[in-house]
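input-v1.cif (mmCIF, C-alpha atoms (C1' of nucleotides)) appears below.
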data_my_file
loop_
_atom_site.label_atom_id
_atom_site.label_comp_id
_atom_site.auth_asym_id
_atom_site.auth_seq_id
_atom_site.Cartn_x
_atom_site.Cartn_y
_atom_site.Cartn_z
CA MET V 29 0.00 0.00 0.00
CA PRO V 30 1.22 3.49 -0.80
CA THR V 31 2.71 4.97 2.35
CA ARG V 32 2.40 8.70 2.56
CA PRO V 33 5.58 10.66 1.80
CA PRO V 34 7.06 12.84 4.53
CA GLY V 35 6.32 16.53 4.81
CA ARG V 36 3.22 18.56 5.27
CA PRO V 37 0.41 17.20 3.13
CA ARG V 38 -1.34 19.44 0.67
CA SER V 39 -4.55 20.92 1.92
CA GLY V 40 -7.58 19.87 -0.10
CA VAL V 41 -8.28 23.16 -1.76
CA ASP V 42 -8.28 22.08 -5.40
CA ALA V 43 -12.06 22.11 -5.65
CA THR V 44 -12.20 25.49 -3.94
CA VAL V 45 -9.67 26.93 -6.38
CA PHE V 46 -11.57 25.51 -9.35
CA ALA V 47 -14.81 27.05 -8.14
CA ALA V 48 -13.06 30.37 -7.55
CA THR V 49 -11.54 30.19 -11.03
CA LEU V 50 -14.86 29.74 -12.77
CA SER V 51 -16.67 32.39 -10.78
CA THR V 52 -13.84 34.89 -11.23
CA VAL V 53 -13.70 34.27 -14.96
CA HIS V 54 -17.45 34.60 -15.11
CA GLU V 55 -17.42 37.90 -13.24
CA LEU V 56 -14.36 39.57 -14.72
CA GLY V 57 -13.68 37.74 -17.97
CA TYR V 58 -10.64 35.67 -18.81
CA ALA V 59 -8.22 38.55 -19.21
CA HIS V 60 -9.07 40.21 -15.91
CA ALA V 61 -9.28 36.96 -14.00
CA THR V 62 -5.71 37.17 -12.80
CA VAL V 63 -4.13 34.43 -10.76
CA ASP V 64 -3.91 36.94 -7.94
CA ARG V 65 -7.65 37.47 -7.94
CA ILE V 66 -8.47 33.80 -8.33
CA ALA V 67 -6.24 32.94 -5.40
CA ALA V 68 -7.81 35.67 -3.29
CA ALA V 69 -11.30 34.45 -4.18
CA ALA V 70 -10.29 30.94 -3.16
CA GLY V 71 -8.74 32.18 0.08
CA VAL V 72 -5.26 30.89 -0.71
CA ALA V 73 -1.98 32.54 -1.60
CA LYS V 74 -0.95 32.96 -5.20
CA THR V 75 2.16 30.94 -4.53
CA THR V 76 0.00 28.00 -3.51
CA VAL V 77 -1.69 28.10 -6.89
CA TYR V 78 1.64 28.10 -8.71
CA ARG V 79 2.84 25.17 -6.58
CA ARG V 80 0.01 23.06 -7.97
CA TRP V 81 -0.33 24.27 -11.55
CA PRO V 82 2.66 25.55 -13.49
CA SER V 83 0.85 28.32 -15.33
CA LYS V 84 -2.45 30.07 -15.60
CA GLY V 85 -3.23 28.06 -18.70
CA ALA V 86 -2.58 24.80 -16.90
CA LEU V 87 -4.82 25.92 -14.04
CA ILE V 88 -7.64 26.75 -16.40
CA THR V 89 -7.21 23.50 -18.27
CA ALA V 90 -7.34 21.49 -15.05
CA CYS V 91 -10.37 23.49 -14.03
CA LEU V 92 -12.08 22.66 -17.32
CA VAL V 93 -11.23 18.98 -17.06
CA ASP V 94 -12.82 19.03 -13.62
CA ALA V 95 -15.83 21.00 -14.80
CA PHE V 96 -16.51 18.82 -17.82
CA GLY V 97 -16.02 15.43 -16.26
CA PRO V 98 -16.70 12.34 -18.30
CA VAL V 99 -18.94 12.47 -21.38
CA PRO V 100 -22.31 10.97 -20.64
CA LEU V 101 -22.59 8.61 -23.59
CA THR V 102 -26.24 7.88 -23.14
CA GLY V 103 -28.41 6.66 -25.97
CA ALA V 104 -29.14 3.37 -27.61
CA ASP V 105 -28.02 3.98 -31.18
CA ARG V 106 -25.28 6.05 -32.75
CA PRO V 107 -27.43 9.05 -33.60
CA SER V 108 -28.78 9.46 -30.11
CA VAL V 109 -25.31 9.03 -28.64
CA LEU V 110 -23.98 11.74 -30.95
CA ALA V 111 -26.88 14.05 -30.29
CA SER V 112 -26.64 13.74 -26.53
CA ALA V 113 -22.89 14.30 -26.63
CA ILE V 114 -23.31 17.48 -28.66
CA ARG V 115 -26.04 18.80 -26.40
CA TRP V 116 -23.95 17.95 -23.37
CA ILE V 117 -20.90 19.92 -24.54
CA ALA V 118 -23.09 22.79 -25.69
CA GLY V 119 -24.63 22.94 -22.24
CA LYS V 120 -21.24 22.84 -20.55
CA ILE V 121 -19.83 25.62 -22.71
CA GLY V 122 -22.90 27.66 -21.83
CA GLU V 123 -22.33 27.33 -18.09
CA PRO V 124 -21.15 30.50 -16.35
CA GLY V 125 -17.43 30.92 -16.75
CA VAL V 126 -16.83 27.64 -18.55
CA GLY V 127 -17.12 28.92 -22.09
CA ALA V 128 -15.11 32.04 -21.37
CA ALA V 129 -12.40 29.99 -19.67
CA PHE V 130 -12.35 27.56 -22.55
CA ALA V 131 -12.07 30.28 -25.15
CA GLY V 132 -9.41 32.03 -23.12
CA VAL V 133 -7.14 29.06 -22.66
CA PHE V 134 -7.68 28.19 -26.29
CA THR V 135 -6.38 31.63 -27.20
CA ASP V 136 -3.32 31.23 -25.12
CA ALA V 137 -2.68 27.81 -26.60
CA VAL V 138 -2.62 28.94 -30.21
CA ASN V 139 0.90 30.26 -29.93
CA ASP V 140 2.06 28.35 -26.87
CA PRO V 141 3.04 24.82 -27.91
CA ALA V 142 3.51 23.67 -24.33
CA LEU V 143 0.03 24.76 -23.36
CA ARG V 144 -1.36 23.30 -26.56
CA GLN V 145 0.16 20.01 -25.56
CA ILE V 146 -1.51 20.19 -22.14
CA LEU V 147 -4.83 21.17 -23.66
CA SER V 148 -4.71 18.46 -26.26
CA THR V 149 -3.56 15.71 -23.93
CA ARG V 150 -5.53 16.48 -20.83
CA LEU V 151 -8.73 17.79 -22.29
CA GLN V 152 -9.26 16.67 -25.86
CA ASP V 153 -7.64 13.23 -25.94
CA PRO V 154 -9.78 11.56 -23.27
CA TYR V 155 -12.94 12.52 -25.11
CA ARG V 156 -11.47 11.63 -28.46
CA ILE V 157 -10.58 8.13 -27.27
CA VAL V 158 -13.96 7.50 -25.69
CA LEU V 159 -15.71 8.73 -28.81
CA GLN V 160 -13.53 6.67 -31.12
CA ASP V 161 -14.50 3.63 -29.13
CA ALA V 162 -18.17 4.43 -28.80
CA LEU V 163 -18.66 5.43 -32.42
CA ASP V 164 -16.19 3.03 -33.99
CA GLU V 165 -14.80 5.77 -36.18
CA PRO V 166 -11.16 6.45 -37.12
CA GLU V 167 -9.20 9.08 -35.24
CA GLN V 168 -9.25 11.58 -38.09
CA ARG V 169 -13.02 11.45 -38.25
CA VAL V 170 -13.48 11.96 -34.52
CA LEU V 171 -11.03 14.87 -34.50
CA PHE V 172 -12.99 16.44 -37.33
CA PHE V 173 -16.19 15.94 -35.36
CA ILE V 174 -14.67 17.67 -32.32
CA ASP V 175 -13.39 20.53 -34.49
CA VAL V 176 -16.82 21.11 -35.92
CA VAL V 177 -18.79 20.92 -32.70
CA VAL V 178 -16.46 22.71 -30.32
CA GLY V 179 -15.24 25.17 -32.94
CA THR V 180 -18.76 26.19 -33.85
CA LEU V 181 -19.82 26.65 -30.23
CA LEU V 182 -16.73 28.67 -29.35
CA HIS V 183 -16.97 30.83 -32.45
CA ARG V 184 -20.51 31.76 -31.57
CA LEU V 185 -19.51 32.53 -28.00
CA GLY V 186 -16.54 34.59 -29.14
CA MET V 187 -18.42 36.59 -31.71
CA THR V 188 -21.54 37.32 -29.71
CA GLY V 189 -20.48 36.88 -26.10
CA GLU V 190 -23.46 34.60 -25.64
CA PRO V 191 -23.75 30.82 -25.84
CA MET V 192 -25.49 29.33 -28.83
CA THR V 193 -29.25 29.24 -28.72
CA ASP V 194 -31.13 25.95 -28.55
CA ASP V 195 -32.41 26.45 -32.08
CA ASP V 196 -28.92 26.63 -33.48
CA VAL V 197 -27.72 23.75 -31.33
CA ASP V 198 -30.53 21.74 -32.90
CA ALA V 199 -29.27 22.74 -36.33
CA LEU V 200 -25.76 21.71 -35.35
CA VAL V 201 -26.99 18.33 -34.16
CA ALA V 202 -28.93 17.79 -37.37
CA MET V 203 -25.98 18.76 -39.53
CA VAL V 204 -23.50 16.53 -37.74
CA LEU V 205 -25.92 13.60 -37.68
CA HIS V 206 -26.27 13.91 -41.41
CA ALA V 207 -22.53 13.89 -41.88
CA LEU V 208 -21.59 11.24 -39.34
CA GLY V 209 -24.88 9.48 -38.75
CA MET G 10 -14.03 68.00 -54.56
CA PRO G 11 -12.39 67.20 -51.23
CA THR G 12 -9.60 69.69 -50.65
CA ARG G 13 -6.79 68.37 -48.56
CA PRO G 14 -6.80 69.48 -44.91
CA PRO G 15 -3.82 71.41 -43.57
CA GLY G 16 -0.94 69.78 -41.82
CA ARG G 17 1.51 67.10 -42.69
CA PRO G 18 -0.19 64.27 -44.56
CA ARG G 19 0.05 60.72 -43.33
CA SER G 20 2.75 58.70 -44.98
CA GLY G 21 1.43 55.71 -46.90
CA VAL G 22 2.71 53.01 -44.63
CA ASP G 23 -0.51 51.11 -43.94
CA ALA G 24 0.36 48.33 -46.36
CA THR G 25 3.88 48.10 -44.96
CA VAL G 26 2.54 47.81 -41.42
CA PHE G 27 0.06 45.15 -42.47
CA ALA G 28 2.78 43.11 -44.13
CA ALA G 29 5.01 43.52 -41.08
CA THR G 30 2.14 42.45 -38.84
CA LEU G 31 1.54 39.22 -40.70
CA SER G 32 5.18 38.30 -41.01
CA THR G 33 5.85 39.08 -37.35
CA VAL G 34 2.85 37.04 -36.21
CA HIS G 35 3.99 34.27 -38.49
CA GLU G 36 7.50 34.29 -37.09
CA LEU G 37 6.86 34.87 -33.42
CA GLY G 38 3.25 33.94 -32.87
CA TYR G 39 0.43 36.22 -31.80
CA ALA G 40 1.50 36.61 -28.20
CA HIS G 41 5.09 37.55 -28.96
CA ALA G 42 4.19 39.76 -31.89
CA THR G 43 4.21 42.91 -29.80
CA VAL G 44 3.30 46.25 -31.26
CA ASP G 45 6.87 47.30 -30.62
CA ARG G 46 8.22 44.52 -32.78
CA ILE G 47 5.63 45.01 -35.50
CA ALA G 48 6.44 48.69 -35.68
CA ALA G 49 10.14 47.96 -35.82
CA ALA G 50 9.63 45.42 -38.60
CA ALA G 51 7.64 48.01 -40.53
CA GLY G 52 10.26 50.69 -39.95
CA VAL G 53 7.92 53.05 -38.11
CA ALA G 54 7.60 54.19 -34.52
CA LYS G 55 5.18 52.47 -32.17
CA THR G 56 3.41 55.77 -31.62
CA THR G 57 2.67 55.96 -35.33
CA VAL G 58 0.91 52.62 -35.13
CA TYR G 59 -1.18 53.79 -32.21
CA ARG G 60 -2.06 56.99 -34.05
CA ARG G 61 -3.72 54.92 -36.77
CA TRP G 62 -5.23 51.99 -34.86
CA PRO G 63 -6.46 52.36 -31.29
CA SER G 64 -5.30 48.97 -30.06
CA LYS G 65 -3.39 45.90 -31.06
CA GLY G 66 -6.68 44.10 -31.65
CA ALA G 67 -7.88 46.84 -33.97
CA LEU G 68 -4.60 46.71 -35.87
CA ILE G 69 -4.87 42.96 -36.33
CA THR G 70 -8.49 43.25 -37.39
CA ALA G 71 -7.68 45.89 -39.97
CA CYS G 72 -4.81 43.74 -41.17
CA LEU G 73 -7.15 40.78 -41.59
CA VAL G 74 -9.74 42.84 -43.42
CA ASP G 75 -6.99 43.88 -45.78
CA ALA G 76 -5.63 40.36 -46.13
CA PHE G 77 -9.00 38.78 -46.80
CA GLY G 78 -10.42 41.26 -49.21
CA PRO G 79 -13.78 40.58 -50.78
CA VAL G 80 -15.19 37.05 -51.01
CA PRO G 81 -14.89 35.71 -54.51
CA LEU G 82 -18.43 34.46 -55.01
CA THR G 83 -17.70 32.44 -58.08
CA GLY G 84 -19.86 29.58 -59.23
CA ALA G 85 -23.06 29.14 -61.15
CA ASP G 86 -25.33 27.48 -58.62
CA ARG G 87 -25.66 27.72 -54.86
CA PRO G 88 -23.60 24.63 -54.05
CA SER G 89 -20.62 25.74 -56.07
CA VAL G 90 -20.82 29.23 -54.61
CA LEU G 91 -20.84 27.77 -51.11
CA ALA G 92 -18.03 25.36 -51.84
CA SER G 93 -15.80 27.99 -53.36
CA ALA G 94 -16.43 30.35 -50.46
CA ILE G 95 -15.48 27.68 -47.94
CA ARG G 96 -12.34 26.73 -49.84
CA TRP G 97 -11.43 30.39 -50.16
CA ILE G 98 -11.63 31.09 -46.42
CA ALA G 99 -9.85 27.83 -45.62
CA GLY G 100 -7.03 28.90 -47.92
CA LYS G 101 -6.83 32.34 -46.38
CA ILE G 102 -6.71 30.99 -42.85
CA GLY G 103 -3.91 28.70 -43.96
CA GLU G 104 -1.77 31.55 -45.23
CA PRO G 105 1.30 32.35 -43.13
CA GLY G 106 0.35 34.53 -40.21
CA VAL G 107 -3.28 34.97 -41.19
CA GLY G 108 -4.69 32.07 -39.24
CA ALA G 109 -2.61 32.79 -36.17
CA ALA G 110 -3.59 36.46 -36.27
CA PHE G 111 -7.23 35.54 -36.71
CA ALA G 112 -7.21 33.05 -33.86
CA GLY G 113 -5.40 35.51 -31.64
CA VAL G 114 -7.68 38.44 -32.18
CA PHE G 115 -10.73 36.23 -32.07
CA THR G 116 -9.90 34.82 -28.72
CA ASP G 117 -8.90 38.22 -27.40
CA ALA G 118 -12.35 39.40 -28.39
CA VAL G 119 -14.12 36.84 -26.24
CA ASN G 120 -13.66 38.94 -23.14
CA ASP G 121 -13.28 42.34 -24.73
CA PRO G 122 -16.66 43.70 -25.86
CA ALA G 123 -15.13 46.67 -27.63
CA LEU G 124 -12.85 44.49 -29.71
CA ARG G 125 -15.72 42.09 -30.31
CA GLN G 126 -17.66 44.98 -31.74
CA ILE G 127 -14.81 45.90 -34.07
CA LEU G 128 -14.32 42.32 -35.15
CA SER G 129 -18.00 41.74 -35.75
CA THR G 130 -18.61 44.99 -37.60
CA ARG G 131 -15.47 45.30 -39.66
CA LEU G 132 -14.74 41.70 -40.45
CA GLN G 133 -17.79 39.49 -40.11
CA ASP G 134 -20.64 41.78 -41.15
CA PRO G 135 -19.45 42.56 -44.69
CA TYR G 136 -19.20 38.88 -45.50
CA ARG G 137 -22.46 38.10 -43.75
CA ILE G 138 -24.31 40.68 -45.80
CA VAL G 139 -22.83 39.55 -49.10
CA LEU G 140 -23.63 35.93 -48.29
CA GLN G 141 -27.17 36.72 -47.21
CA ASP G 142 -27.70 38.35 -50.55
CA ALA G 143 -25.99 35.71 -52.65
CA LEU G 144 -27.59 32.75 -50.93
CA ASP G 145 -30.96 34.31 -50.16
CA GLU G 146 -30.88 32.96 -46.64
CA PRO G 147 -31.99 34.65 -43.40
CA GLU G 148 -29.40 36.29 -41.17
CA GLN G 149 -29.56 33.60 -38.52
CA ARG G 150 -28.79 30.92 -41.06
CA VAL G 151 -25.80 32.76 -42.51
CA LEU G 152 -24.40 33.45 -39.06
CA PHE G 153 -24.70 29.77 -38.26
CA PHE G 154 -22.89 28.96 -41.50
CA ILE G 155 -20.05 31.31 -40.58
CA ASP G 156 -19.84 29.86 -37.07
CA VAL G 157 -19.50 26.36 -38.45
CA VAL G 158 -16.97 27.08 -41.16
CA VAL G 159 -14.73 29.58 -39.41
CA GLY G 160 -15.09 27.94 -36.01
CA THR G 161 -14.07 24.56 -37.36
CA LEU G 162 -11.06 25.94 -39.21
CA LEU G 163 -9.85 27.95 -36.22
CA HIS G 164 -10.36 25.12 -33.77
CA ARG G 165 -8.21 22.87 -35.88
CA LEU G 166 -5.53 25.53 -36.17
CA GLY G 167 -5.61 26.24 -32.45
CA MET G 168 -5.48 22.63 -31.39
CA THR G 169 -2.81 21.43 -33.78
CA GLY G 170 -0.96 24.56 -34.81
CA GLU G 171 -1.48 23.53 -38.42
CA PRO G 172 -4.17 24.50 -40.92
CA MET G 173 -6.78 21.94 -41.84
CA THR G 174 -5.79 19.40 -44.48
CA ASP G 175 -7.49 19.36 -47.87
CA ASP G 176 -9.18 16.08 -47.02
CA ASP G 177 -10.88 17.57 -44.01
CA VAL G 178 -11.77 20.75 -45.89
CA ASP G 179 -13.49 18.51 -48.41
CA ALA G 180 -15.42 16.88 -45.58
CA LEU G 181 -16.38 20.30 -44.28
CA VAL G 182 -17.62 21.37 -47.69
CA ALA G 183 -19.65 18.19 -48.06
CA MET G 184 -21.18 18.55 -44.62
CA VAL G 185 -22.17 22.17 -45.08
CA LEU G 186 -23.54 21.54 -48.55
CA HIS G 187 -25.75 18.83 -47.14
CA ALA G 188 -27.03 21.14 -44.44
CA LEU G 189 -27.43 24.30 -46.48
CA GLY G 190 -27.45 22.94 -49.99
"C1'" DC U 1 6.06 83.02 -42.79
"C1'" DA U 2 2.22 81.08 -39.54
"C1'" DA U 3 -0.68 77.39 -38.55
"C1'" DT U 4 -1.48 72.67 -38.52
"C1'" DT U 5 -0.75 67.90 -38.35
"C1'" DA U 6 2.18 63.66 -38.62
"C1'" DC U 7 6.52 61.84 -37.57
"C1'" DG U 8 10.35 59.51 -34.61
"C1'" DC U 9 12.08 59.22 -30.18
"C1'" DT U 10 12.28 58.57 -25.35
"C1'" DA U 11 10.29 57.98 -21.15
"C1'" DC U 12 6.67 56.68 -18.48
"C1'" DT U 13 2.47 54.26 -16.25
"C1'" DT U 14 -0.14 50.23 -15.51
"C1'" DG U 15 -1.08 45.57 -15.05
"C1'" DA U 16 -0.27 40.80 -14.93
"C1'" DA U 17 2.59 36.37 -15.20
"C1'" DG U 18 5.74 34.08 -12.86
"C1'" DT U 19 9.81 33.75 -9.25
"C1'" DA U 20 12.34 34.04 -4.77
"C1'" DT U 21 12.58 33.99 -0.06
"C1'" DC U 22 11.21 33.29 4.73
"C1'" DG U 23 9.10 32.15 8.96
"C1'" DA U 24 5.42 29.13 10.38
"C1'" DT U 25 2.93 24.75 10.22
"C1'" DA U 26 1.77 19.77 9.66
"C1'" DC U 27 3.13 15.82 8.81
"C1'" DT U 28 6.69 11.07 8.82
"C1'" DA U 29 10.44 8.49 10.56
"C1'" DT U 30 13.53 7.28 14.13
"C1'" DA K 17 10.66 14.01 21.79
"C1'" DT K 18 13.24 15.39 17.90
"C1'" DA K 19 15.02 15.68 13.24
"C1'" DG K 20 13.72 15.96 8.54
"C1'" DT K 21 10.67 17.28 4.92
"C1'" DA K 22 7.21 19.63 2.31
"C1'" DT K 23 3.43 22.81 2.31
"C1'" DC K 24 1.43 27.14 3.74
"C1'" DG K 25 0.76 32.43 3.68
"C1'" DA K 26 2.94 36.70 2.95
"C1'" DT K 27 5.74 39.94 0.77
"C1'" DA K 28 8.72 41.51 -2.50
"C1'" DC K 29 10.60 41.17 -6.77
"C1'" DT K 30 11.61 40.59 -12.01
"C1'" DT K 31 10.05 40.76 -16.61
"C1'" DC K 32 7.37 41.95 -20.32
"C1'" DA K 33 3.91 44.19 -23.03
"C1'" DA K 34 -0.07 47.48 -23.83
"C1'" DG K 35 -0.92 51.92 -24.05
"C1'" DT K 36 0.13 57.16 -22.98
"C1'" DA K 37 2.61 61.71 -22.69
"C1'" DG K 38 5.66 65.10 -24.19
"C1'" DC K 39 8.96 67.06 -27.33
"C1'" DG K 40 11.60 68.50 -31.10
"C1'" DT K 41 11.32 67.90 -36.14
"C1'" DA K 42 9.36 67.41 -40.85
"C1'" DA K 43 5.79 68.21 -44.37
"C1'" DT K 44 2.06 70.38 -45.88
"C1'" DT K 45 -1.71 74.55 -46.69
"C1'" DG K 46 -2.77 79.34 -46.92
#

Translate this structure into structure tokens?
Amino acid sequence: MPTRPPGRPRSGVDATVFAATLSTVHELGYAHATVDRIAAAAGVAKTTVYRRWPSKGALITACLVDAFGPVPLTGADRPSVLASAIRWIAGKIGEPGVGAAFAGVFTDAVNDPALRQILSTRLQDPYRIVLQDALDEPEQRVLFFIDVVVGTLLHRLGMTGEPMTDDDVDALVAMVLHALG
Amino acid sequence: MPTRPPGRPRSGVDATVFAATLSTVHELGYAHATVDRIAAAAGVAKTTVYRRWPSKGALITACLVDAFGPVPLTGADRPSVLASAIRWIAGKIGEPGVGAAFAGVFTDAVNDPALRQILSTRLQDPYRIVLQDALDEPEQRVLFFIDVVVGTLLHRLGMTGEPMTDDDVDALVAMVLHALG
DNA sequence: CAATTACGCTACTTGAAGTATCGATACTAT
DNA sequence: ATAGTATCGATACTTCAAGTAGCGTAATTG
């Protein structure tokens, strides 16, 4: 059995920091949600945050992984699985702070290969693998599916500041079902 | 006829600054393409840049408007018009610096309403209006089309650092044609 | 020539990411 | 108990980039 290493154990504040991250991003936006403010909102020191996550981008990514959790792959047949997955991610991106955090870290990742690696490995890959398995589609096809769904939702959020309406999510579901159904 | 106002006229360096912007973003990435560096690459002072564009985001947006130019709406029927438009924007986003600049300013806009306004008005609206007219579709439908196409292309670029392959652009064209055809 | 406006240059302010250090605290191992 | 170790909060710091201010100079119009 794994004996605990010596030294003071970490306090269990991860969940508190994640909650503070989302609410701070929701209130102030990604750019103004500084690590200083997030730490203050969580009631910890900034140095504690940097001890656990190496950068703001890594913090946000971990926060998103926690916020998303596993995909609920409910549904009997392929179309209903696909549809529920799309509606699930659309709902998540519409949650307060989640979409803004996602778009923000995505921004940072575009020209930061290290962060892109984190984002791809920690956030996208788990879902890609589960979807490949559930849908029995090749990797390229699943990656294309993720590009379409997530890209569309984030573009709408970025351009309008608002999550996509249910009507348009329905249209997205219909379009993807036609292509991948 | 418009008589010239008094005072020293502006030197015609807009095109030079735009070229310097794209090449600097291409070389260093959006984050490291500071206004200082862009100005230096263009051979002008930083203050000159700020006299013409109020912010880095506005500069990038203007640069993109210039780089994109008008949509070539070639093609006899609706499907070929749609397909050529999609392939055109995919090609533009794949040009050196253009995609990175687009992704950078786009994601900056998510939490900056003023920049979002600029981006929406100066960049998206002209194309939206032309497309509404050419395709005879309602605004909501055209906006959805833009979300899907541009969102997908940018998500791929952001996640991988590389523009979308021709194979996947073909898949995108096929999918959109099915939905809007 | 006077007025006006843009230019380059330098210096500055502001804000945020990330680092360094230190005394205090909470554990494990002997 | 006591030594060793690793975390904590707090403060100060470095670095970098966006954006601003002021000034002397250059290019125009009238």

Item to check | Selection result of the PyMOL selection byres ((chain U) within 7 of (chain G)) on this file, as a list in words | outcome: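 Residues picked by the PyMOL selection byres ((chain U) within 7 of (chain G)): DT4, DT5, DA6 and DG8 of chain U.
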
Hey, which bits of chain K sit within 12 Å of chain G, and for each residue what's the closest pair of atoms and how far apart in Å (one decimal), counting only C-alpha atoms (C1' of nucleotides), rows by chain and increasing number, as a Markdown table?
| residue | atom | partner | partner_atom | distance |
| --- | --- | --- | --- | --- |
| K:DC32 | C1' | G:His41 | CA | 10.0 |
| K:DA33 | C1' | G:Thr43 | CA | 6.9 |
| K:DA34 | C1' | G:Lys65 | CA | 8.1 |
| K:DG35 | C1' | G:Ser64 | CA | 8.0 |
| K:DT36 | C1' | G:Thr56 | CA | 9.3 |
| K:DA37 | C1' | G:Thr56 | CA | 10.8 |
| K:DT41 | C1' | G:Arg17 | CA | 11.8 |
| K:DA42 | C1' | G:Arg17 | CA | 8.1 |
| K:DA43 | C1' | G:Arg17 | CA | 4.7 |
| K:DT44 | C1' | G:Arg17 | CA | 4.6 |
| K:DT45 | C1' | G:Pro15 | CA | 4.9 |
| K:DG46 | C1' | G:Pro15 | CA | 8.7 |

Checklist entry - How far is it from atom CA of Gln126 of chain G to atom CA of Gly132 of chain V, in Å with one decimal? => result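 Computing the Euclidean distance for atom CA of Gln126 of chain G and atom CA of Gly132 of chain V yields 17.6 Å.
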
Checklist entry - Which chain V residues are at most 6 Å from chain G (counting all atoms listed in the file), as JSON, numbers by chain? => result {"V": [57, 135, 138, 139, 175, 176, 179, 180, 183, 184, 186, 203, 207]}

Checklist entry - Can you list, as a list of chain:residue names, the residues that the PyMOL selection byres ((chain U and resi 20) around 12) selects here? => result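 Applying the expression gives V:Thr75, U:DG18, U:DT19, U:DT21, U:DC22, K:DT27, K:DA28, K:DC29, K:DT30.
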
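If you look at atom CA of Gly21 of chain G and atom C1' of DA3 of chain U, they are 23.3 Å away from each other.
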
Next on the checklist: Ranking U:DA17, U:DT28, U:DA2, U:DT10 by minimum distance to DT31 of chain K and counting only C-alpha atoms (C1' of nucleotides), which one comes first?
Outcome noted: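 Nearest to DT31 of chain K: U:DA17.
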
Item to check | Within 9 Å of Ala95 of chain V using all atoms listed in the file, minus same-chain residues under 3 positions, as a ChimeraX atom specification | outcome: /V:46,90-92,120,126

Next on the checklist: Using Å and a single decimal, report how far atom CA of Val201 of chain V sits from atom CA of Leu144 of chain G.
Outcome noted: 22.1 Å

Next on the checklist: With all atoms listed in the file as the counted atoms, please give the residues lying no more than 10 Å from Val26 of chain G, apart from itself and same-chain residues fewer than 4 positions off, as a list in words.
Outcome noted: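 The residues that qualify are Gly21, Val22, Thr30, Leu31, Ser32, Ile47, Ala48, Ala49, Ala50, Ala51, Gly52, Val53, Val58, Leu68 and Cys72 of chain G.
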
Checklist entry - Using all atoms listed in the file, which of G:Pro135, G:Pro79, G:Glu36, G:Asp179 sits nearest Arg96 of chain G? => result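 Answer, going by the shortest atom-to-atom distance: G:Asp179.
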
Hits of the PyMOL selection byres ((chain U and resi 24) around 9) in this structure, as a short mmCIF file (atom, residue, chain, number, x, y, z; two decimals) with C-alpha atoms (C1' of nucleotides), in the frame of the given file:
data_model
loop_
_atom_site.label_atom_id
_atom_site.label_comp_id
_atom_site.auth_asym_id
_atom_site.auth_seq_id
_atom_site.Cartn_x
_atom_site.Cartn_y
_atom_site.Cartn_z
"C1'" DG U 23 9.10 32.15 8.96
"C1'" DT U 25 2.93 24.75 10.22
"C1'" DC K 24 1.43 27.14 3.74
"C1'" DG K 25 0.76 32.43 3.68
#
